[in-house]
>>> print(open('run19.cif').read())   # mmCIF, C-alpha atoms and all ligand atoms
data_entry
loop_
_atom_site.group_PDB
_atom_site.id
_atom_site.type_symbol
_atom_site.label_atom_id
_atom_site.label_comp_id
_atom_site.auth_asym_id
_atom_site.auth_seq_id
_atom_site.Cartn_x
_atom_site.Cartn_y
_atom_site.Cartn_z
ATOM 1 C CA MET O 115 86.431 74.567 86.392
ATOM 2 C CA ARG O 116 89.062 74.418 83.614
ATOM 3 C CA ILE O 117 92.120 76.268 84.900
ATOM 4 C CA LEU O 118 95.200 77.332 82.926
ATOM 5 C CA LEU O 119 98.251 77.838 85.151
ATOM 6 C CA ILE O 120 100.553 80.544 83.796
ATOM 7 C CA GLY O 121 103.690 79.950 85.850
ATOM 8 C CA TYR O 122 104.429 76.493 87.237
ATOM 9 C CA GLY O 123 106.903 77.197 90.038
ATOM 10 C CA LYS O 124 106.395 77.229 93.810
ATOM 11 C CA MET O 125 102.935 78.832 93.589
ATOM 12 C CA GLY O 126 101.820 77.054 90.397
ATOM 13 C CA HIS O 127 102.515 73.644 91.961
ATOM 14 C CA THR O 128 100.734 74.527 95.228
ATOM 15 C CA ILE O 129 97.678 75.836 93.357
ATOM 16 C CA GLU O 130 97.593 72.722 91.152
ATOM 17 C CA ARG O 131 97.523 70.432 94.225
ATOM 18 C CA LEU O 132 94.682 72.357 95.900
ATOM 19 C CA ALA O 133 92.727 72.763 92.635
ATOM 20 C CA LEU O 134 92.814 69.021 91.840
ATOM 21 C CA ALA O 135 91.718 68.240 95.415
ATOM 22 C CA LYS O 136 88.675 70.517 94.850
ATOM 23 C CA GLY O 137 87.778 68.712 91.599
ATOM 24 C CA HIS O 138 89.018 71.359 89.138
ATOM 25 C CA GLU O 139 90.776 70.477 85.889
ATOM 26 C CA ILE O 140 94.230 71.851 84.998
ATOM 27 C CA VAL O 141 94.215 72.318 81.211
ATOM 28 C CA GLY O 142 97.825 73.511 81.018
ATOM 29 C CA ALA O 143 100.760 74.611 83.168
ATOM 30 C CA LEU O 144 103.142 77.013 81.420
ATOM 31 C CA THR O 145 106.718 77.835 82.394
ATOM 32 C CA VAL O 146 109.171 80.347 80.979
ATOM 33 C CA GLU O 147 110.302 77.669 78.466
ATOM 34 C CA ASP O 148 106.845 77.278 76.883
ATOM 35 C CA ALA O 149 105.564 80.827 77.487
ATOM 36 C CA ASP O 150 104.655 81.213 73.783
ATOM 37 C CA GLN O 151 102.001 78.465 74.215
ATOM 38 C CA LEU O 152 99.737 80.963 76.003
ATOM 39 C CA ALA O 153 98.746 82.440 72.626
ATOM 40 C CA THR O 154 97.360 79.048 71.520
ATOM 41 C CA TYR O 155 94.678 78.848 74.261
ATOM 42 C CA THR O 156 91.140 80.177 73.702
ATOM 43 C CA ALA O 157 88.275 81.121 76.010
ATOM 44 C CA ASP O 158 86.450 77.986 74.750
ATOM 45 C CA GLN O 159 89.120 75.812 76.385
ATOM 46 C CA VAL O 160 89.808 77.770 79.589
ATOM 47 C CA ASP O 161 87.387 79.116 82.222
ATOM 48 C CA VAL O 162 90.074 81.037 84.093
ATOM 49 C CA ALA O 163 93.851 81.517 84.044
ATOM 50 C CA ILE O 164 95.940 81.855 87.224
ATOM 51 C CA GLU O 165 99.157 83.814 86.719
ATOM 52 C CA PHE O 166 102.099 83.512 89.153
ATOM 53 C CA THR O 167 105.242 84.178 87.101
ATOM 54 C CA SER O 168 107.747 87.005 87.425
ATOM 55 C CA PRO O 169 107.639 90.823 87.470
ATOM 56 C CA VAL O 170 108.870 91.064 83.852
ATOM 57 C CA ALA O 171 106.392 88.507 82.481
ATOM 58 C CA ALA O 172 103.139 89.463 84.212
ATOM 59 C CA VAL O 173 102.001 92.442 82.111
ATOM 60 C CA GLY O 174 102.439 90.617 78.775
ATOM 61 C CA ASN O 175 100.493 87.640 80.114
ATOM 62 C CA ILE O 176 97.682 89.859 81.408
ATOM 63 C CA LEU O 177 97.337 91.625 78.046
ATOM 64 C CA THR O 178 97.277 88.294 76.178
ATOM 65 C CA CYS O 179 94.483 87.097 78.483
ATOM 66 C CA PHE O 180 92.521 90.310 77.788
ATOM 67 C CA GLU O 181 92.914 89.763 74.022
ATOM 68 C CA LYS O 182 91.779 86.142 74.365
ATOM 69 C CA LYS O 183 88.866 87.082 76.701
ATOM 70 C CA ILE O 184 90.232 84.663 79.312
ATOM 71 C CA PRO O 185 89.563 85.926 82.879
ATOM 72 C CA VAL O 186 92.885 86.057 84.723
ATOM 73 C CA VAL O 187 93.784 85.912 88.428
ATOM 74 C CA VAL O 188 97.219 87.483 88.979
ATOM 75 C CA GLY O 189 99.413 87.025 92.034
ATOM 76 C CA THR O 190 102.703 88.123 90.507
ATOM 77 C CA THR O 191 104.097 91.195 92.259
ATOM 78 C CA GLY O 192 106.508 93.905 91.118
ATOM 79 C CA TRP O 193 104.681 95.177 88.001
ATOM 80 C CA LEU O 194 102.384 97.877 89.432
ATOM 81 C CA GLU O 195 104.185 100.756 87.703
ATOM 82 C CA HIS O 196 102.256 99.541 84.616
ATOM 83 C CA LEU O 197 98.867 99.449 86.384
ATOM 84 C CA SER O 198 97.338 102.506 84.698
ATOM 85 C CA MET O 199 98.191 101.124 81.214
ATOM 86 C CA VAL O 200 96.726 97.733 82.233
ATOM 87 C CA GLU O 201 93.551 99.486 83.465
ATOM 88 C CA GLU O 202 93.196 101.280 80.113
ATOM 89 C CA LYS O 203 93.737 98.055 78.148
ATOM 90 C CA CYS O 204 91.266 96.213 80.358
ATOM 91 C CA GLN O 205 88.568 98.746 79.545
ATOM 92 C CA GLN O 206 89.469 98.901 75.832
ATOM 93 C CA LEU O 207 89.523 95.090 75.389
ATOM 94 C CA GLN O 208 86.733 94.377 77.909
ATOM 95 C CA GLY O 209 89.077 92.165 79.871
ATOM 96 C CA THR O 210 88.758 90.574 83.302
ATOM 97 C CA LEU O 211 91.519 90.783 85.934
ATOM 98 C CA PHE O 212 91.707 89.888 89.612
ATOM 99 C CA TYR O 213 94.917 91.138 91.243
ATOM 100 C CA ALA O 214 96.079 90.828 94.846
ATOM 101 C CA SER O 215 99.529 91.497 96.262
ATOM 102 C CA ASN O 216 98.658 88.782 98.772
ATOM 103 C CA PHE O 217 95.820 86.241 98.474
ATOM 104 C CA SER O 218 95.965 84.996 102.065
ATOM 105 C CA VAL O 219 92.812 85.752 104.078
ATOM 106 C CA GLY O 220 94.992 86.399 107.153
ATOM 107 C CA VAL O 221 97.028 89.059 105.353
ATOM 108 C CA ASN O 222 93.866 90.738 104.079
ATOM 109 C CA LEU O 223 92.596 90.913 107.683
ATOM 110 C CA PHE O 224 96.029 92.327 108.569
ATOM 111 C CA PHE O 225 95.540 95.061 105.882
ATOM 112 C CA HIS O 226 92.259 95.999 107.553
ATOM 113 C CA PHE O 227 93.722 96.168 111.095
ATOM 114 C CA ASN O 228 96.799 97.992 109.758
ATOM 115 C CA GLU O 229 94.628 100.886 108.529
ATOM 116 C CA TYR O 230 92.654 100.983 111.789
ATOM 117 C CA VAL O 231 95.863 101.170 113.846
ATOM 118 C CA ALA O 232 97.463 103.788 111.540
ATOM 119 C CA GLN O 233 94.376 105.983 111.816
ATOM 120 C CA LYS O 234 94.761 105.979 115.635
ATOM 121 C CA MET O 235 98.565 106.196 115.755
ATOM 122 C CA GLN O 236 99.043 109.197 113.490
ATOM 123 C CA HIS O 237 97.777 111.306 116.423
ATOM 124 C CA TYR O 238 100.770 110.155 118.564
ATOM 125 C CA PRO O 239 103.902 111.585 116.931
ATOM 126 C CA GLU O 240 106.148 110.144 119.672
ATOM 127 C CA TYR O 241 105.729 106.760 117.906
ATOM 128 C CA GLN O 242 107.863 106.155 114.797
ATOM 129 C CA VAL O 243 106.231 103.769 112.318
ATOM 130 C CA GLN O 244 108.218 101.344 110.146
ATOM 131 C CA VAL O 245 107.268 98.434 107.821
ATOM 132 C CA LYS O 246 109.490 95.343 107.655
ATOM 133 C CA GLU O 247 109.262 92.341 105.348
ATOM 134 C CA ILE O 248 111.321 89.125 105.231
ATOM 135 C CA HIS O 249 111.244 86.667 102.310
ATOM 136 C CA HIS O 250 113.249 83.790 100.803
ATOM 137 C CA VAL O 251 116.424 84.533 98.858
ATOM 138 C CA HIS O 252 114.834 83.623 95.472
ATOM 139 C CA LYS O 253 112.433 86.579 95.531
ATOM 140 C CA LEU O 254 113.008 88.911 92.553
ATOM 141 C CA ASP O 255 111.160 92.046 93.682
ATOM 142 C CA GLN O 256 111.813 94.352 96.618
ATOM 143 C CA PRO O 257 109.968 95.512 98.644
ATOM 144 C CA SER O 258 107.321 92.796 98.530
ATOM 145 C CA GLY O 259 103.961 93.630 96.952
ATOM 146 C CA THR O 260 102.364 93.012 100.362
ATOM 147 C CA ALA O 261 104.707 95.523 102.043
ATOM 148 C CA ILE O 262 103.738 98.123 99.422
ATOM 149 C CA SER O 263 100.028 97.482 100.139
ATOM 150 C CA ILE O 264 100.727 97.853 103.881
ATOM 151 C CA ALA O 265 102.681 101.082 103.289
ATOM 152 C CA ASP O 266 99.873 102.498 101.117
ATOM 153 C CA GLY O 267 97.396 101.670 103.914
ATOM 154 C CA ILE O 268 99.496 103.558 106.476
ATOM 155 C CA LEU O 269 100.143 106.545 104.175
ATOM 156 C CA LYS O 270 96.378 107.029 103.685
ATOM 157 C CA HIS O 271 96.222 108.012 107.363
ATOM 158 C CA TYR O 272 99.581 109.824 107.697
ATOM 159 C CA PRO O 273 99.178 113.074 105.704
ATOM 160 C CA GLN O 274 102.474 114.242 107.243
ATOM 161 C CA LYS O 275 104.341 111.543 105.224
ATOM 162 C CA GLN O 276 104.922 112.096 101.483
ATOM 163 C CA GLY O 277 105.628 108.474 100.517
ATOM 164 C CA TRP O 278 107.695 105.370 101.347
ATOM 165 C CA LYS O 279 111.355 104.488 100.741
ATOM 166 C CA ASN O 280 112.839 101.002 100.666
ATOM 167 C CA GLU O 281 115.519 101.819 103.270
ATOM 168 C CA VAL O 282 115.917 102.757 106.912
ATOM 169 C CA SER O 283 115.204 106.483 107.016
ATOM 170 C CA GLN O 284 115.015 108.979 109.879
ATOM 171 C CA GLU O 285 113.200 111.524 107.678
ATOM 172 C CA GLN O 286 109.862 112.378 109.310
ATOM 173 C CA ASP O 287 108.059 112.806 105.981
ATOM 174 C CA VAL O 288 109.084 109.349 104.738
ATOM 175 C CA LEU O 289 107.754 105.895 105.693
ATOM 176 C CA SER O 290 110.596 103.351 105.912
ATOM 177 C CA VAL O 291 109.966 99.953 104.321
ATOM 178 C CA VAL O 292 112.838 97.607 105.184
ATOM 179 C CA SER O 293 113.394 94.352 103.254
ATOM 180 C CA LYS O 294 115.419 91.289 104.252
ATOM 181 C CA ARG O 295 116.098 88.110 102.247
ATOM 182 C CA GLU O 296 116.792 85.019 104.379
ATOM 183 C CA GLY O 297 116.873 81.301 103.485
ATOM 184 C CA GLU O 298 113.453 79.892 102.575
ATOM 185 C CA VAL O 299 111.254 82.307 104.599
ATOM 186 C CA VAL O 300 107.770 82.082 103.014
ATOM 187 C CA GLY O 301 106.672 85.632 103.860
ATOM 188 C CA THR O 302 106.767 87.713 107.054
ATOM 189 C CA HIS O 303 105.392 91.249 107.399
ATOM 190 C CA ILE O 304 105.684 93.520 110.421
ATOM 191 C CA VAL O 305 104.362 96.996 111.163
ATOM 192 C CA GLN O 306 106.268 98.423 114.099
ATOM 193 C CA TYR O 307 105.455 101.519 116.202
ATOM 194 C CA THR O 308 108.321 102.548 118.495
ATOM 195 C CA SER O 309 108.525 105.293 121.112
ATOM 196 C CA GLU O 310 111.254 105.927 123.695
ATOM 197 C CA ASN O 311 109.169 103.962 126.193
ATOM 198 C CA ASP O 312 107.818 100.996 124.255
ATOM 199 C CA THR O 313 107.304 99.166 120.983
ATOM 200 C CA PHE O 314 104.265 97.440 119.620
ATOM 201 C CA GLU O 315 103.859 95.463 116.428
ATOM 202 C CA LEU O 316 101.384 93.939 114.026
ATOM 203 C CA HIS O 317 103.082 90.753 112.818
ATOM 204 C CA HIS O 318 102.014 88.282 110.123
ATOM 205 C CA ILE O 319 103.961 85.095 109.418
ATOM 206 C CA ALA O 320 102.985 82.805 106.533
ATOM 207 C CA HIS O 321 103.768 79.204 107.541
ATOM 208 C CA SER O 322 103.341 77.814 104.012
ATOM 209 C CA ARG O 323 102.135 78.866 100.532
ATOM 210 C CA GLU O 324 98.746 77.168 101.003
ATOM 211 C CA GLY O 325 97.060 80.334 102.295
ATOM 212 C CA PHE O 326 98.089 82.226 99.122
ATOM 213 C CA ALA O 327 97.055 79.323 96.880
ATOM 214 C CA SER O 328 93.642 78.781 98.464
ATOM 215 C CA GLY O 329 92.881 82.526 98.228
ATOM 216 C CA ALA O 330 93.882 82.550 94.550
ATOM 217 C CA LEU O 331 91.587 79.573 93.927
ATOM 218 C CA LEU O 332 88.669 81.315 95.665
ATOM 219 C CA ALA O 333 89.261 84.305 93.373
ATOM 220 C CA ALA O 334 89.408 82.001 90.327
ATOM 221 C CA GLU O 335 86.073 80.376 91.272
ATOM 222 C CA TRP O 336 84.468 83.823 91.751
ATOM 223 C CA LEU O 337 85.822 85.634 88.642
ATOM 224 C CA PRO O 338 84.302 84.012 85.501
ATOM 225 C CA GLY O 339 81.292 85.949 84.155
ATOM 226 C CA ARG O 340 82.596 89.298 85.453
ATOM 227 C CA GLN O 341 84.271 92.122 83.508
ATOM 228 C CA GLY O 342 86.741 94.706 84.852
ATOM 229 C CA ILE O 343 89.370 94.765 87.588
ATOM 230 C CA TYR O 344 88.796 93.220 91.016
ATOM 231 C CA GLY O 345 90.687 92.592 94.253
ATOM 232 C CA MET O 346 90.311 90.874 97.604
ATOM 233 C CA THR O 347 87.991 93.537 99.067
ATOM 234 C CA ASP O 348 85.476 92.579 96.352
ATOM 235 C CA LEU O 349 85.695 88.922 97.346
ATOM 236 C CA LEU O 350 85.932 89.006 101.142
ATOM 237 C CA GLN O 351 83.527 90.569 103.620
ATOM 238 C CA LEU O 352 86.119 92.534 105.616
HETATM 239 N N1 LIG Z 1 99.934 87.463 95.532
HETATM 240 C C1 LIG Z 1 100.315 86.463 96.340
HETATM 241 O O1 LIG Z 1 99.574 86.031 97.242
HETATM 242 C C2 LIG Z 1 101.643 85.826 96.113
HETATM 243 C C3 LIG Z 1 102.435 86.300 95.122
HETATM 244 N N2 LIG Z 1 103.613 85.678 94.808
HETATM 245 C C4 LIG Z 1 104.308 86.199 93.646
HETATM 246 O O2 LIG Z 1 104.073 85.298 92.576
HETATM 247 C C5 LIG Z 1 105.204 85.277 91.688
HETATM 248 C C6 LIG Z 1 105.675 83.839 91.481
HETATM 249 O O3 LIG Z 1 106.082 83.289 92.688
HETATM 250 P P1 LIG Z 1 106.675 81.787 92.767
HETATM 251 O O4 LIG Z 1 105.715 80.790 92.266
HETATM 252 O O5 LIG Z 1 107.187 81.666 94.161
HETATM 253 O O6 LIG Z 1 107.908 81.906 91.744
HETATM 254 P P2 LIG Z 1 108.741 80.727 91.046
HETATM 255 O O7 LIG Z 1 110.021 81.336 90.612
HETATM 256 O O8 LIG Z 1 108.788 79.524 91.922
HETATM 257 O O9 LIG Z 1 107.863 80.350 89.756
HETATM 258 C C7 LIG Z 1 107.700 81.205 88.661
HETATM 259 C C8 LIG Z 1 107.216 80.395 87.481
HETATM 260 O O10 LIG Z 1 106.856 81.292 86.433
HETATM 261 C C9 LIG Z 1 107.383 80.774 85.217
HETATM 262 N N3 LIG Z 1 107.482 81.853 84.247
HETATM 263 C C10 LIG Z 1 108.333 82.908 84.191
HETATM 264 N N4 LIG Z 1 108.084 83.669 83.134
HETATM 265 C C11 LIG Z 1 107.028 83.102 82.488
HETATM 266 C C12 LIG Z 1 106.268 83.429 81.318
HETATM 267 N N5 LIG Z 1 106.560 84.497 80.551
HETATM 268 N N6 LIG Z 1 105.234 82.622 80.967
HETATM 269 C C13 LIG Z 1 104.927 81.528 81.701
HETATM 270 N N7 LIG Z 1 105.616 81.169 82.817
HETATM 271 C C14 LIG Z 1 106.631 81.950 83.200
HETATM 272 C C15 LIG Z 1 108.704 80.122 85.613
HETATM 273 O O11 LIG Z 1 109.170 79.221 84.628
HETATM 274 C C16 LIG Z 1 108.233 79.433 86.899
HETATM 275 O O12 LIG Z 1 107.593 78.209 86.574
HETATM 276 C C17 LIG Z 1 106.225 86.225 92.328
HETATM 277 O O13 LIG Z 1 106.064 87.505 91.739
HETATM 278 C C18 LIG Z 1 105.800 86.306 93.790
HETATM 279 O O14 LIG Z 1 106.155 87.528 94.393
HETATM 280 C C19 LIG Z 1 104.045 84.597 95.499
HETATM 281 C C20 LIG Z 1 103.302 84.095 96.535
HETATM 282 C C21 LIG Z 1 102.032 84.678 96.923
HETATM 283 O O1 LIG Z 2 107.536 86.158 96.481
HETATM 284 C C1 LIG Z 2 106.866 85.618 97.388
HETATM 285 O O2 LIG Z 2 107.139 84.490 97.817
HETATM 286 C C2 LIG Z 2 105.721 86.341 97.942
HETATM 287 N N1 LIG Z 2 105.315 87.412 97.306
HETATM 288 C C3 LIG Z 2 104.198 88.222 97.634
HETATM 289 C C4 LIG Z 2 104.632 89.645 97.883
HETATM 290 O O3 LIG Z 2 105.522 90.146 97.183
HETATM 291 O O4 LIG Z 2 104.078 90.286 98.787
HETATM 292 C C5 LIG Z 2 103.305 87.625 98.673
HETATM 293 C C6 LIG Z 2 103.979 86.757 99.692
HETATM 294 O O5 LIG Z 2 104.506 87.537 100.723
HETATM 295 C C7 LIG Z 2 105.001 85.808 99.116
#
>>> encode(input="run19.cif", output="structure tokens")
Amino acid sequence: MRILLIGYGKMGHTIERLALAKGHEIVGALTVEDADQLATYTADQVDVAIEFTSPVAAVGNILTCFEKKIPVVVGTTGWLEHLSMVEEKCQQLQGTLFYASNFSVGVNLFFHFNEYVAQKMQHYPEYQVQVKEIHHVHKLDQPSGTAISIADGILKHYPQKQGWKNEVSQEQDVLSVVSKREGEVVGTHIVQYTSENDTFELHHIAHSREGFASGALLAAEWLPGRQGIYGMTDLLQL
């Protein structure tokens, strides 16, 4: 497959290595310095684009891919406040987008178990639920996209909570999502239930970026030929 990498940082380099090992071709790898080059690519040259850039760049790149009819896999987090506009544009321009806050298969299993546990635990009000995430100090967005997905999964089953806040909160109608930035931590997510008597946790630790990169490549192999917006539940049998 001919892949265009939009964003050639930590994720772009990891995806390139895995893609070449699988026999794919990298037709271009764009950074912030040559971002304007995206407009020069056409669907005749590119089977799929993979976008891992920054929260401020993602939406513009997605819309350009829609205009060019290039299917795009997006891993960039921190832009979801624009999702409804992107959905409208996708329909209007007959675009193709695959978005996941986290492409790792392990984290997507975690999402599944998280909802199962929340569904049970909301009947036990003596347990306080909290989401924690730890990432490297270079991360631009907070809380992580994965932590927001986890929080949304819990809130589906906690009608007594009105939403989440990115702080430690004792308010019963708020779900606390706590963020820490430490060294080069790849990505750690914890859901913690605490009562006076005990604590139990769901805990996911990414050991490297390869899990994210291989999931993004699976999505890129699956996406061409489709139209609309997709995510990991469309790809994985969970
Ligand atoms: N969904 C997932 O599974 C994962 C998502 N991420 C997210 O992916 C994004 C990127 O992460 P990293 O690779 O670690 O960041 P990074 O900072 O190492 O790399 C970002 C790259 O994007 C480039 N860039 C910035 N603006 C651009 C533009 N307008 N056009 C083209 N290139 C542009 C930069 O020059 C750089 O090469 C972040 O939002 C991060 O949260 C990271 C890991 C996994
Ligand atoms: O910025 C990162 O590095 C990561 N970002 C994603 C997120 O915001 O959830 C996924 C992963 O945790 C790594």
>>> residues_around(input="run19.cif", residues="range 171-179 of chain O", least_positions_apart="3", cutoff="10 Å", atoms="all atoms listed in the file", output="number ranges by chain")
O: 120-121, 146, 149-150, 152-153, 155-157, 162-163, 165-168, 182-194, 196-197, 199-200, 203-204, 207, 209-211
>>> atom_distance(input="run19.cif", atom1="CA of Val291 in chain O", atom2="CA of Tyr213 in chain O")
21.8 Å
>>> resolve_selection(input="run19.cif", expression="the PyMOL selection byres (((not hetatm)) within 8 of (chain Z and resi 2))", output="list in words")
Gly189, Thr190, Thr191, Gly192, Ser215, Asn216, Phe217, His249, His250, His252, Lys253, Leu254, Asp255, Gln256, Pro257, Ser258, Gly259, Thr260, Ala261, Ile262, Val300, Gly301, Thr302, His303, Ala320, Arg323 and Phe326 of chain O
>>> closest_residue(input="run19.cif", among="O:Val221, O:Val231, O:Ile268, O:Ile117", to="Leu350 in chain O", atoms="all atoms listed in the file")
O:Val221
>>> closest_residue(input="run19.cif", among="O:Phe180, O:Tyr230, O:Phe212, O:Tyr241", to="ligand LIG 1 (chain Z)", atoms="all atoms listed in the file")
O:Phe212
>>> atom_distance(input="run19.cif", atom1="atom C9 of ligand LIG 1 (chain Z)", atom2="CA of Gly126 in chain O")
8.5 Å
>>> resolve_selection(input="run19.cif", expression="the PyMOL selection byres (((chain O and resi 330-333) around 8) and not hetatm)", output="PyMOL selection string")
chain O and resi 129+133+164+187+189+212+217+326-329+334-337+346+349
>>> write_last_selection(input="run19.cif", atoms="C-alpha atoms", output="CSV table (one decimal), in the coordinates of the input")
chain,number,residue,atom,x,y,z
O,129,ILE,CA,97.7,75.8,93.4
O,133,ALA,CA,92.7,72.8,92.6
O,164,ILE,CA,95.9,81.9,87.2
O,187,VAL,CA,93.8,85.9,88.4
O,189,GLY,CA,99.4,87.0,92.0
O,212,PHE,CA,91.7,89.9,89.6
O,217,PHE,CA,95.8,86.2,98.5
O,326,PHE,CA,98.1,82.2,99.1
O,327,ALA,CA,97.1,79.3,96.9
O,328,SER,CA,93.6,78.8,98.5
O,329,GLY,CA,92.9,82.5,98.2
O,334,ALA,CA,89.4,82.0,90.3
O,335,GLU,CA,86.1,80.4,91.3
O,336,TRP,CA,84.5,83.8,91.8
O,337,LEU,CA,85.8,85.6,88.6
O,346,MET,CA,90.3,90.9,97.6
O,349,LEU,CA,85.7,88.9,97.3
>>> axis_aligned_box(input="run19.cif", around="ligand LIG 1 (chain Z)", padding_each_side="3 Å", output="lines of an AutoDock Vina configuration file")
center_x = 104.8
center_y = 82.9
center_z = 88.9
size_x = 16.4
size_y = 15.3
size_z = 22.7
>>> atom_distance(input="run19.cif", atom1="CA of Lys270 in chain O", atom2="CA of Thr308 in chain O")
19.5 Å
>>> closest_residue(input="run19.cif", among="O:Ser218, O:Gln341, O:Gln276, O:Gln206", to="ligand LIG 1 (chain Z)", atoms="only C-alpha atoms and all ligand atoms")
O:Ser218
>>> closest_residue(input="run19.cif", among="O:Val219, O:Val160, O:Ile304, O:Met115", to="Lys246 in chain O", atoms="only C-alpha atoms")
O:Ile304
>>> residues_near_point(input="run19.cif", point="(111.9, 107.5, 123.9)", cutoff="12 Å", atoms="all atoms listed in the file", output="ChimeraX atom specification")
/O:239-242,307-313
>>> write_last_selection(input="run19.cif", atoms="C-alpha atoms", output="compact mmCIF listing (two decimals), keeping the file's coordinate frame")
# COMPACT_ATOMS: atom_id res chain seq x y z
CA PRO O 239 103.90 111.58 116.93
CA GLU O 240 106.15 110.14 119.67
CA TYR O 241 105.73 106.76 117.91
CA GLN O 242 107.86 106.16 114.80
CA TYR O 307 105.46 101.52 116.20
CA THR O 308 108.32 102.55 118.50
CA SER O 309 108.52 105.29 121.11
CA GLU O 310 111.25 105.93 123.70
CA ASN O 311 109.17 103.96 126.19
CA ASP O 312 107.82 101.00 124.26
CA THR O 313 107.30 99.17 120.98
>>> closest_residue(input="run19.cif", among="O:Gln159, O:Gln151, O:Asn228, O:Gln284", to="ligand LIG 1 (chain Z)", atoms="all atoms listed in the file")
O:Gln151
>>> residues_around(input="run19.cif", residues="Tyr272 in chain O", least_positions_apart="4", cutoff="8 Å", atoms="all atoms listed in the file", output="PyMOL selection string")
chain O and resi 232-233+236+268
>>> closest_residue(input="run19.cif", among="O:Ile264, O:Ser322, O:Asp348, O:Pro273", to="ligand LIG 1 (chain Z)", atoms="only C-alpha atoms and all ligand atoms")
O:Ser322
